[in-house]
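Participant: Okay, here's the structure, questions in a sec.
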Amino acid sequence: MNIHTDLCILGAGLSGLSLAAQLRAEGRDVTVLEARDRSGGRVLSRGGYDLGPSWIWPHNQRMLALIESLGLNIFAQHATGRLVFEDASGMVRRDLEFATMGGALRVEGGLARVTDTLASGLGDHLRLACRVHRVLEDADGVWVLTTEGRLRAGRVILAMPPRLVAGLGVAVPDVPTWMAGHAKLVATYPTAFWRENGLNGDAISHRGPLAEIHDASPDGAKVGALFGFAQVGAARQPGLRGAAIAQLVRLFGKDAATPDDVFIKDWSTDPATATESDLTPPSEHPTYNALPPTRRLIFAGTETSPDNGGFMEGALAAAEAAHAALQLVAD
């Protein structure tokens, strides 16, 4: 690769893709580079089930507007029934009338339909499996050194977590990457049998290996699915699948013993998401701040957005801020 482009976006997650789509619509010369062999970043769906973020909330106006503009459908997270609680000793309660994600919304077919649709509009302007090693800014532009060779850009938009940006030789503060140290498991079933038993699919466990569980069934629940966030480090231990299924049996009954499929994504082992520092997740949601642009570099990852930073809405807010910065910075 030996390309010259006006604008180069590093990262084909939600922020990078939405910004690229807007810039392309304006007729700008844009190239998007993505280290993974797929688009979407931390948005990942398998078989229509989300292994990354799952929910949109009614106050996420940017996400709702984007979904509508792409012609996709949303539906309400199932919230009817009782929550299951398991304490550290293994005692289980099924009498709690509470839905932890009541009011949340999901995208029909999985959230990757959003990023896949955005990516499909970029054509050859999106290069997958192109890992960037170094970003070198000078007075006239930026050299981007990749596994495919060098790219020369007028400006570079870094639509990726700051900890990964630091690995490219760019000086940035140490900012935690939200959920980078976590893993997620989805188990699918012929039916959402827990609903028939008066349960809503929510569970909180202090025994594990899944700490938090929710109903992941498609709209209409013609089939059923449960997903859980693994306790930190659990996915790095052998036997997560078996231990998680045994836990689902404890919580939801014997029908949970034979899932049709089990999908697992350990984000902490994904080098395009996590660094060694992310193996110790923050104890609470960090306060994220904007990173000021240099003359040629603009930051656009969700962890650089003071508005909903770390979330999908924050990714779109970061893309908005990057677009505004491009208009302000002149050659």
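Scheme for the structure tokens: letters A, B, ... for chains in order shown; per-chain residue numbers from 1; ligand numbers from 1 in order shown.
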Using DSSP assignments from the backbone, pull out every residue in segment 22-126 of chain A that falls under strand (DSSP E) and give it to me as a ChimeraX atom specification.

Facilitator: /A:30-33,45-46,49-50,74-76,82-86,92-96,105-107,126

Participant: Fewer than 5 positions away in the same chain doesn't count, so skip those; otherwise give me all residues within 10 Å of segment 235-244 of chain A, counting only C-alpha atoms, as a PyMOL selection string.

Facilitator: chain A and resi 182-187+208-210+228-230+249-250+257+262-269

Participant: Skipping near chain neighbours, those fewer than 3 positions away, what residues fall within 10 Å of Ala79 of chain A using only C-alpha atoms, listed as a PDB file with all heavy atoms, in the first residue's frame?

Facilitator:
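Now in result_10.pdb:
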ATOM      1  N   ALA A  76     -38.303  -3.557  22.402  1.00  0.00           N
ATOM      2  CA  ALA A  76     -38.056  -3.387  23.835  1.00  0.00           C
ATOM      3  C   ALA A  76     -37.407  -4.622  24.442  1.00  0.00           C
ATOM      4  O   ALA A  76     -37.786  -5.763  24.126  1.00  0.00           O
ATOM      5  CB  ALA A  76     -39.373  -3.086  24.557  1.00  0.00           C
ATOM      6  N   ARG A  82     -39.869 -12.137  37.069  1.00  0.00           N
ATOM      7  CA  ARG A  82     -39.051 -11.965  38.267  1.00  0.00           C
ATOM      8  C   ARG A  82     -37.565 -12.141  37.964  1.00  0.00           C
ATOM      9  O   ARG A  82     -37.177 -12.888  37.069  1.00  0.00           O
ATOM     10  CB  ARG A  82     -39.483 -12.970  39.343  1.00  0.00           C
ATOM     11  CG  ARG A  82     -40.939 -12.812  39.785  1.00  0.00           C
ATOM     12  CD  ARG A  82     -41.282 -13.788  40.907  1.00  0.00           C
ATOM     13  NE  ARG A  82     -41.067 -15.185  40.526  1.00  0.00           N
ATOM     14  CZ  ARG A  82     -41.929 -15.917  39.840  1.00  0.00           C
ATOM     15  NH1 ARG A  82     -43.082 -15.381  39.432  1.00  0.00           N
ATOM     16  NH2 ARG A  82     -41.671 -17.173  39.557  1.00  0.00           N
ATOM     17  N   LEU A  83     -36.756 -11.475  38.760  1.00  0.00           N
ATOM     18  CA  LEU A  83     -35.301 -11.591  38.691  1.00  0.00           C
ATOM     19  C   LEU A  83     -34.830 -12.732  39.591  1.00  0.00           C
ATOM     20  O   LEU A  83     -35.434 -13.001  40.640  1.00  0.00           O
ATOM     21  CB  LEU A  83     -34.676 -10.265  39.123  1.00  0.00           C
ATOM     22  CG  LEU A  83     -33.151 -10.169  39.249  1.00  0.00           C
ATOM     23  CD1 LEU A  83     -32.692  -8.768  38.836  1.00  0.00           C
ATOM     24  CD2 LEU A  83     -32.684 -10.428  40.693  1.00  0.00           C
ATOM     25  N   GLU A  97     -39.413  -9.084  42.178  1.00  0.00           N
ATOM     26  CA  GLU A  97     -40.134  -8.452  41.070  1.00  0.00           C
ATOM     27  C   GLU A  97     -39.344  -7.234  40.611  1.00  0.00           C
ATOM     28  O   GLU A  97     -39.610  -6.096  41.010  1.00  0.00           O
ATOM     29  CB  GLU A  97     -41.544  -8.042  41.520  1.00  0.00           C
ATOM     30  CG  GLU A  97     -42.429  -9.201  41.919  1.00  0.00           C
ATOM     31  CD  GLU A  97     -42.929  -9.992  40.702  1.00  0.00           C
ATOM     32  OE1 GLU A  97     -42.770  -9.496  39.560  1.00  0.00           O
ATOM     33  OE2 GLU A  97     -43.467 -11.095  40.905  1.00  0.00           O
ATOM     34  N   PHE A  98     -38.376  -7.490  39.761  1.00  0.00           N
ATOM     35  CA  PHE A  98     -37.489  -6.402  39.328  1.00  0.00           C
ATOM     36  C   PHE A  98     -36.868  -6.763  37.986  1.00  0.00           C
ATOM     37  O   PHE A  98     -36.496  -7.921  37.759  1.00  0.00           O
ATOM     38  CB  PHE A  98     -36.386  -6.167  40.363  1.00  0.00           C
ATOM     39  CG  PHE A  98     -35.515  -4.982  40.078  1.00  0.00           C
ATOM     40  CD1 PHE A  98     -36.019  -3.694  40.146  1.00  0.00           C
ATOM     41  CD2 PHE A  98     -34.186  -5.162  39.728  1.00  0.00           C
ATOM     42  CE1 PHE A  98     -35.213  -2.606  39.877  1.00  0.00           C
ATOM     43  CE2 PHE A  98     -33.369  -4.080  39.460  1.00  0.00           C
ATOM     44  CZ  PHE A  98     -33.882  -2.797  39.529  1.00  0.00           C
ATOM     45  N   ALA A  99     -36.767  -5.789  37.095  1.00  0.00           N
ATOM     46  CA  ALA A  99     -36.125  -5.978  35.790  1.00  0.00           C
ATOM     47  C   ALA A  99     -35.008  -4.939  35.667  1.00  0.00           C
ATOM     48  O   ALA A  99     -35.287  -3.738  35.590  1.00  0.00           O
ATOM     49  CB  ALA A  99     -37.126  -5.819  34.658  1.00  0.00           C
ATOM     50  N   THR A 100     -33.774  -5.399  35.672  1.00  0.00           N
ATOM     51  CA  THR A 100     -32.642  -4.473  35.724  1.00  0.00           C
ATOM     52  C   THR A 100     -32.504  -3.623  34.469  1.00  0.00           C
ATOM     53  O   THR A 100     -31.970  -2.519  34.518  1.00  0.00           O
ATOM     54  CB  THR A 100     -31.324  -5.233  35.952  1.00  0.00           C
ATOM     55  OG1 THR A 100     -31.176  -6.230  34.930  1.00  0.00           O
ATOM     56  CG2 THR A 100     -31.306  -5.900  37.309  1.00  0.00           C
ATOM     57  N   MET A 101     -32.976  -4.126  33.321  1.00  0.00           N
ATOM     58  CA  MET A 101     -32.838  -3.387  32.068  1.00  0.00           C
ATOM     59  C   MET A 101     -34.190  -2.997  31.484  1.00  0.00           C
ATOM     60  O   MET A 101     -34.321  -2.823  30.274  1.00  0.00           O
ATOM     61  CB  MET A 101     -32.027  -4.220  31.053  1.00  0.00           C
ATOM     62  CG  MET A 101     -30.582  -4.412  31.469  1.00  0.00           C
ATOM     63  SD  MET A 101     -29.717  -2.835  31.623  1.00  0.00           S
ATOM     64  CE  MET A 101     -28.371  -3.320  32.719  1.00  0.00           C
ATOM     65  N   GLY A 102     -35.186  -2.856  32.332  1.00  0.00           N
ATOM     66  CA  GLY A 102     -36.483  -2.406  31.867  1.00  0.00           C
ATOM     67  C   GLY A 102     -36.395  -1.029  31.230  1.00  0.00           C
ATOM     68  O   GLY A 102     -35.766  -0.121  31.771  1.00  0.00           O
ATOM     69  N   GLY A 103     -36.990  -0.879  30.065  1.00  0.00           N
ATOM     70  CA  GLY A 103     -36.938   0.388  29.340  1.00  0.00           C
ATOM     71  C   GLY A 103     -35.882   0.436  28.266  1.00  0.00           C
ATOM     72  O   GLY A 103     -35.888   1.350  27.426  1.00  0.00           O
ATOM     73  N   ALA A 104     -34.954  -0.527  28.270  1.00  0.00           N
ATOM     74  CA  ALA A 104     -33.908  -0.553  27.243  1.00  0.00           C
ATOM     75  C   ALA A 104     -34.480  -1.045  25.920  1.00  0.00           C
ATOM     76  O   ALA A 104     -35.504  -1.736  25.865  1.00  0.00           O
ATOM     77  CB  ALA A 104     -32.761  -1.449  27.682  1.00  0.00           C
ATOM     78  N   ARG A 195     -39.430 -17.644  30.703  1.00  0.00           N
ATOM     79  CA  ARG A 195     -40.615 -16.773  30.718  1.00  0.00           C
ATOM     80  C   ARG A 195     -41.855 -17.553  31.142  1.00  0.00           C
ATOM     81  O   ARG A 195     -42.710 -17.022  31.861  1.00  0.00           O
ATOM     82  CB  ARG A 195     -40.824 -16.149  29.336  1.00  0.00           C
ATOM     83  CG  ARG A 195     -39.679 -15.256  28.880  1.00  0.00           C
ATOM     84  CD  ARG A 195     -40.027 -14.573  27.567  1.00  0.00           C
ATOM     85  NE  ARG A 195     -38.900 -13.813  27.028  1.00  0.00           N
ATOM     86  CZ  ARG A 195     -38.963 -13.063  25.929  1.00  0.00           C
ATOM     87  NH1 ARG A 195     -40.112 -12.999  25.255  1.00  0.00           N
ATOM     88  NH2 ARG A 195     -37.905 -12.400  25.501  1.00  0.00           N
ATOM     89  N   LEU A 199     -40.140 -15.922  35.002  1.00  0.00           N
ATOM     90  CA  LEU A 199     -38.852 -15.232  35.153  1.00  0.00           C
ATOM     91  C   LEU A 199     -38.601 -14.342  33.932  1.00  0.00           C
ATOM     92  O   LEU A 199     -39.005 -14.677  32.812  1.00  0.00           O
ATOM     93  CB  LEU A 199     -37.718 -16.244  35.297  1.00  0.00           C
ATOM     94  CG  LEU A 199     -37.871 -17.257  36.442  1.00  0.00           C
ATOM     95  CD1 LEU A 199     -36.715 -18.256  36.411  1.00  0.00           C
ATOM     96  CD2 LEU A 199     -37.931 -16.532  37.786  1.00  0.00           C
ATOM     97  N   ASN A 200     -37.921 -13.218  34.149  1.00  0.00           N
ATOM     98  CA  ASN A 200     -37.675 -12.291  33.040  1.00  0.00           C
ATOM     99  C   ASN A 200     -36.318 -12.477  32.366  1.00  0.00           C
ATOM    100  O   ASN A 200     -36.011 -11.786  31.396  1.00  0.00           O
ATOM    101  CB  ASN A 200     -37.846 -10.840  33.503  1.00  0.00           C
ATOM    102  CG  ASN A 200     -36.907 -10.455  34.639  1.00  0.00           C
ATOM    103  OD1 ASN A 200     -35.828 -11.022  34.788  1.00  0.00           O
ATOM    104  ND2 ASN A 200     -37.322  -9.477  35.443  1.00  0.00           N
ATOM    105  N   GLY A 201     -35.526 -13.425  32.869  1.00  0.00           N
ATOM    106  CA  GLY A 201     -34.210 -13.670  32.282  1.00  0.00           C
ATOM    107  C   GLY A 201     -33.081 -12.924  32.962  1.00  0.00           C
ATOM    108  O   GLY A 201     -31.905 -13.203  32.716  1.00  0.00           O
ATOM    109  N   ASP A 202     -33.412 -11.956  33.824  1.00  0.00           N
ATOM    110  CA  ASP A 202     -32.386 -11.243  34.581  1.00  0.00           C
ATOM    111  C   ASP A 202     -31.909 -12.097  35.753  1.00  0.00           C
ATOM    112  O   ASP A 202     -32.709 -12.765  36.417  1.00  0.00           O
ATOM    113  CB  ASP A 202     -32.941  -9.938  35.150  1.00  0.00           C
ATOM    114  CG  ASP A 202     -33.099  -8.852  34.108  1.00  0.00           C
ATOM    115  OD1 ASP A 202     -32.580  -9.028  32.989  1.00  0.00           O
ATOM    116  OD2 ASP A 202     -33.742  -7.831  34.408  1.00  0.00           O
ATOM    117  N   HIS A 214     -28.980 -11.705  31.377  1.00  0.00           N
ATOM    118  CA  HIS A 214     -30.184 -11.053  30.852  1.00  0.00           C
ATOM    119  C   HIS A 214     -30.771 -11.884  29.711  1.00  0.00           C
ATOM    120  O   HIS A 214     -30.083 -12.684  29.084  1.00  0.00           O
ATOM    121  CB  HIS A 214     -29.862  -9.647  30.345  1.00  0.00           C
ATOM    122  CG  HIS A 214     -29.246  -8.763  31.377  1.00  0.00           C
ATOM    123  ND1 HIS A 214     -29.993  -8.123  32.342  1.00  0.00           N
ATOM    124  CD2 HIS A 214     -27.949  -8.426  31.602  1.00  0.00           C
ATOM    125  CE1 HIS A 214     -29.181  -7.424  33.120  1.00  0.00           C
ATOM    126  NE2 HIS A 214     -27.947  -7.593  32.695  1.00  0.00           N
ATOM    127  N   ASP A 215     -32.033 -11.638  29.432  1.00  0.00           N
ATOM    128  CA  ASP A 215     -32.713 -12.245  28.296  1.00  0.00           C
ATOM    129  C   ASP A 215     -32.172 -11.622  27.007  1.00  0.00           C
ATOM    130  O   ASP A 215     -32.166 -10.408  26.845  1.00  0.00           O
ATOM    131  CB  ASP A 215     -34.222 -11.984  28.428  1.00  0.00           C
ATOM    132  CG  ASP A 215     -35.059 -12.776  27.436  1.00  0.00           C
ATOM    133  OD1 ASP A 215     -34.696 -12.808  26.241  1.00  0.00           O
ATOM    134  OD2 ASP A 215     -36.082 -13.336  27.857  1.00  0.00           O
TER     135      ASP A 215
END

Participant: Using only C-alpha atoms, pick whichever of A:Val132, A:Ala35, A:Ala274, A:Met160 has the shortest atom-to-atom distance to Ser305 of chain A.

Facilitator: A:Met160

Participant: Within 8 Å of Arg62 of chain A, counting only C-alpha atoms, which residues show up once you throw out same-chain ones fewer than 3 positions away? Write them as a list in words, please.

Facilitator: Ala65, Leu66, Glu313, Leu316 and Ala317 of chain A

Participant: Give me, please, the distance in Å between atom CA of Leu10 of chain A and atom CA of Arg28 of chain A, quoted to one decimal.

Facilitator: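 Straight-line distance from atom CA of Leu10 of chain A to atom CA of Arg28 of chain A works out to 15.9 Å.
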
Participant: Skip Ile9 of chain A itself and residues of its chain fewer than 3 positions away, then list as a ChimeraX atom specification all residues within 8 Å of it, counting only C-alpha atoms.

Facilitator: /A:12,16,20,30-33,156-159
